[in-house]
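Engineer: One structure coming up, written as structure tokens, with questions to follow.
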Amino acid sequence: MAKTLSKGGKLSRSYMEKMLTVCLFLLIPTVLLVIFTYIPAGEMIRFSFEERDQFGANVKFIGLDNYKTVFETPEYFAAFKNSLYYLAGSFIQLGLALFLATILCSKIRFSSFFKGVLFFPYMINTVAVALIFRRFFQRGDGVTNTDGVLNSIITLFGGEPVKFLSTAGLVNICLVFVSIWRYIGFDLVMFIGAIQSVSPDIYEAADLDGANRFQVFRYIIAPSIRPIILLQMILAVKGAISVYEIPYIVTGGRFGSSTFVIQTTETAFKFQKVGLASAMAVVLFLIIVAVTIVQKIAFKEER
Amino acid sequence: MDNAVKAPAKQDYSEQKFVAGLMNFLKYAVLVIACLVVLVPLVVVFFGSFKNNREFLSSNVFALPTSIEWNNYKTAFIDGKVLLGLRNTVVIIIISCTGTIITGTMTAYVLQRFNTLFGRVLKAAFLLATLFPSISMQVTVYRIMNRFGLVGTMAAPIILYIGTDIISIYIFMQFLDNISYSLDESAIIDGANYFTVFFRIILPLLKPAIATVLIIKVISIYNDFYTPQLYMPQEELSVVSTSLYRFMGPYGAKWEIIFAGIVIIIIPTLIIFLTLQKQIYAGLVNGSVKE
């Protein structure tokens with residue numbers, strides 16, 4: 001009965017009118033999708049086999065050379081290694097968010113206050129977050145600038161100030177911290193939503209049966225939020241290879257903190273190598289496709 | 001015998017109470033520490049924004065400002081073009097959100113209610129498009145924008161915000177799933193055409209979904225940095241993100257002014273968050289679990 005409308009039964013109006021509605025309603029999104037997504041995507045693939053600059057002068061077909069460059073240049077490879085920091089960070093973030101979510105879902109006072117505070121960084125403008133932490137980790141030069149918060153705390157306890165943002169390795173850990181600080185609230189809200197979607201009766205029944213906290217978590221909370229954890233894990237992988245804004249603003253990708261996307265945009269817009277940048281974008285796309293296929297398989301098994 | 005059993009039980013009970021109390025204490029301790037980690041970087045910014053340059057350099061970062069220096073705010077607001085940035089951001093948000101809601105609801109209505117080949121192809125095309133890496137893609141999107149003469153205009157980000165928003169379409173479609181077809185049908189029996197059905201019946205019923213989309217959209221546009229930075233490099237087209245980003249140049253070492261700019265930019269966010277907290281949480285949960 002519900003389908004009579006779409007099946008074109010006697011209830012629906014003339015075929016012409018239906019088609020007119022379909023075409024008119026879909027006109028704008030189709031045009032925008034083709035012009036600003038599919039044509040650029042096609043060009044991206046074509047350019048990835050060419051040597052070309054922003055202006056498209058002296059275009060040469062060079063086959064797979066751009067892809068070779070992507071995989072053989074150590075700098076680009078290092079950027080991929082940096083995404084491992086972010087990936088590790090995302091898993092710490094998920095674990096921490098889950099821990100905090102279970103605490104917030106137990107009987108606790110001011111829980112909405114705590115939740116609000118922990119979530120708020122997610123709402124803050126990216127540039128503001130980046131600048132706050134550029135200062136937070138700063139090592140002052142003693143003349144025009146003083147130490148930031150972290151170094152002030154270290155000196156307070158008698159330690160030596162550290163150049164957090166200009167020490168290779170350390171800089172990535174700092175940036176991952178910023179990322180966790182900003183995004184943990186989002187995971188927290190997701191997890192709390194999932195935990196609270198379990199009927200309170202079930203918790204009560206478990207309580208009556210004498211289940212301890214760990215058992216409640218293991219047998220009630222964990223299964224109910226499994227799909228969300230899985231989803232967040234997949235998103236974490238996609239996020240880790242697409243990191244851009246925070247490292248770009250905090251360090252500009254210096255001191256070994258560059259990411260693959262920073263390098264792609266710099267290759268395109270700073271060094272004007274559009275062909276190579278297109279190949280980098282295609283590589284990123286293929287990784288995302290691979291991750292998505294894994295996600296589909298994982299979710300199919302889940303069901 | 002009875003006594004022998006009861007005594008240890010009582011002791012057990014007090015022990016349990018102690019453990020429960022300790023657990024409770026630990027729970028609050030964890031939460032308070034987590035909140036401090038979130039708040040300390042923000043509070044320092046707030047204090048710092050009221051210090052004058054000399055005090056900023058000489059005082060401890062945690063120290064309260066000795067006198068309130070409003071000049072930082074004046075500089076940030078007017079010279080730093082934050083006011084202009086706020087205005088441009090609001091204009092872009094209003095146009096993009098209106099556009100997204102009109103095209104998004106219409107698309108979702110057709111895709112969900114009519115089973116046409118065109119609709120199915122478009123749906124698949126939208127789905128595939130979610131996999132494209134959006135920032136990296138700008139390498140070639142930029143050329144197209146340039147060809148249309150849209151680089152350096154507000155139209156470029158607005159088009160991208162409207163045209164590539166697949167998530168909203170999905171939220172609308174999910175919501176439409178739960179709106180009974182019988183409503184459409186009875187209106188059509190009464191002689192209404194599809195336009196009337198859409199504008200008179202469907203659109204008003206989509207209000208909660210529209211609220212969800214608005215929340216997600218406003219947050220993401222307000223916080224976007226990459227798109228405006230790439231397509232609107234001129235100072236007069238600054239949005240909040242790019243105007244704040246420009247602070248790093250002229251005020252490179254003047255953190256107190258940068259801090260004032262940060263506070264100005266956070267205040268609207270804070271007000272929206274405090275008034276719409278519940279809707280924001282619900283919106284994000286609804287918006288993401290739809291994969």
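Here, A, B, ... name the chains of the structure tokens in the order displayed, residue numbers run from 1 inside each chain, and ligands are numbered from 1 in the same displayed order.
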Just list the residues in range 73-270 of chain B DSSP gives helix (DSSP H, G or I) on the backbone, as an NGL selection string.

Structural biologist: :B and (73-79 or 82-113 or 117-129 or 134-147 or 155-163 or 166-177 or 181-189 or 194-205 or 207-223 or 226-231 or 235-237 or 240-246 or 255-270)

Engineer: What's around range 82-90 of chain B at 9 Å? Count only C-alpha atoms, leave out sequence neighbours fewer than 6 positions away in its own chain, and write the answer as a VMD selection string.

Structural biologist: chain B and resid 76 154 221 to 222 236 to 244 261 264 to 265

Engineer: How would the residues just picked look written out with C-alpha atoms as a PDB file, in the first residue's frame?

Structural biologist:
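Below you can see out.pdb, which holds the result:
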```pdb
ATOM      1  CA  ALA B  76      41.403  42.761  17.326  1.00  0.00           C
ATOM      2  CA  MET B 154      32.004  34.403  -1.855  1.00  0.00           C
ATOM      3  CA  ILE B 221      31.054  26.414   8.083  1.00  0.00           C
ATOM      4  CA  TYR B 222      31.971  28.580  11.078  1.00  0.00           C
ATOM      5  CA  GLU B 236      37.981  42.266   2.557  1.00  0.00           C
ATOM      6  CA  LEU B 237      36.544  38.759   2.146  1.00  0.00           C
ATOM      7  CA  SER B 238      37.924  37.512   5.471  1.00  0.00           C
ATOM      8  CA  VAL B 239      35.784  35.109   7.450  1.00  0.00           C
ATOM      9  CA  VAL B 240      36.358  34.439  11.150  1.00  0.00           C
ATOM     10  CA  SER B 241      38.914  31.692  10.529  1.00  0.00           C
ATOM     11  CA  THR B 242      40.963  33.561   7.984  1.00  0.00           C
ATOM     12  CA  SER B 243      40.835  36.881   9.840  1.00  0.00           C
ATOM     13  CA  LEU B 244      42.209  35.150  12.927  1.00  0.00           C
ATOM     14  CA  GLY B 261      40.715  37.730  18.795  1.00  0.00           C
ATOM     15  CA  ILE B 264      35.869  37.214  20.363  1.00  0.00           C
ATOM     16  CA  ILE B 265      35.578  34.228  18.035  1.00  0.00           C
TER      17      ILE B 265
END
```

Engineer: Could you please select, counting only C-alpha atoms, the residues of chain A within 6 Å of chain B and state them as a list in words?

Structural biologist: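 The selection requested is Ala2, Ser6, Val22, Phe25, Leu26, Leu32, Pro40, Asn125, Thr126, Val127, Ala128, Thr146, Met190, Ala281 and Phe285 of chain A.
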
Engineer: For range 94-96 of chain A, find every residue with an atom within 9 Å (counting only C-alpha atoms), except residues of its own chain fewer than 3 positions away, and show them as an MDAnalysis selection string.

Structural biologist: chainID A and resid 89:91 99:101 184 187:188 229 232:233 236

Engineer: Could you turn the residues from that selection into a file that holds N, CA and C atoms, as a compact mmCIF listing (two decimals), in the first residue's frame?

Structural biologist:
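Everything below was put into out.txt:
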```txt
# COMPACT_ATOMS: atom_id res chain seq x y z
N GLY A 89 46.92 8.05 18.17
CA GLY A 89 46.20 9.05 18.97
C GLY A 89 44.70 8.82 18.95
N SER A 90 44.17 8.48 17.76
CA SER A 90 42.71 8.28 17.69
C SER A 90 42.27 7.10 18.53
N PHE A 91 43.11 6.07 18.60
CA PHE A 91 42.71 4.93 19.41
C PHE A 91 42.77 5.25 20.90
N PHE A 99 35.96 5.38 28.31
CA PHE A 99 36.14 5.38 29.76
C PHE A 99 35.34 6.52 30.41
N LEU A 100 35.51 7.73 29.86
CA LEU A 100 34.81 8.88 30.42
C LEU A 100 33.29 8.74 30.24
N ALA A 101 32.89 8.16 29.10
CA ALA A 101 31.44 8.00 28.85
C ALA A 101 30.82 7.06 29.86
N ILE A 184 37.81 14.65 21.24
CA ILE A 184 37.35 13.61 22.17
C ILE A 184 35.88 13.82 22.55
N ASP A 187 33.44 11.95 20.27
CA ASP A 187 33.33 10.51 20.58
C ASP A 187 32.52 10.30 21.85
N LEU A 188 32.81 11.17 22.84
CA LEU A 188 32.13 11.07 24.13
C LEU A 188 30.62 11.17 23.96
N ILE A 229 31.61 1.91 18.06
CA ILE A 229 33.06 1.83 18.20
C ILE A 229 33.69 1.50 16.85
N GLN A 232 33.54 4.50 14.60
CA GLN A 232 34.51 5.52 14.99
C GLN A 232 35.93 5.09 14.64
N MET A 233 36.19 3.76 14.72
CA MET A 233 37.53 3.28 14.39
C MET A 233 37.82 3.48 12.91
N ALA A 236 38.39 6.98 12.32
CA ALA A 236 39.71 7.35 12.84
C ALA A 236 40.79 7.10 11.79
```

Engineer: When DSSP is applied to the backbone of this structure, which of range 48-234 of chain A are assigned strand (DSSP E or B)? Write them out as a list in words.

Structural biologist: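 Here are the strand (DSSP E or B) residues of range 48-234 of chain A: Glu50, Glu51, Lys60 and Phe61 of chain A.
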
Engineer: With only C-alpha atoms as the counted atoms, please give the residues lying no more than 9 Å from Val213 in chain B, apart from itself and same-chain residues fewer than 2 positions off, as a VMD selection string.

Structural biologist: chain B and resid 97 100 to 101 167 to 168 171 to 172 208 to 211 215 to 218 283 287

Engineer: Set the distance at 12 Å and use only C-alpha atoms: which residues neighbour range 71-74 of chain A once local chain neighbours fewer than 4 positions away are removed? I'd like the list as a list in words.

Structural biologist: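 The filter keeps Leu64, Asp65, Asn66, Tyr67, Ala78, Ala79, Phe80, Lys81, Gly256, Phe260, Gln263, Leu276, Ala279, Met280 and Val283 of chain A.
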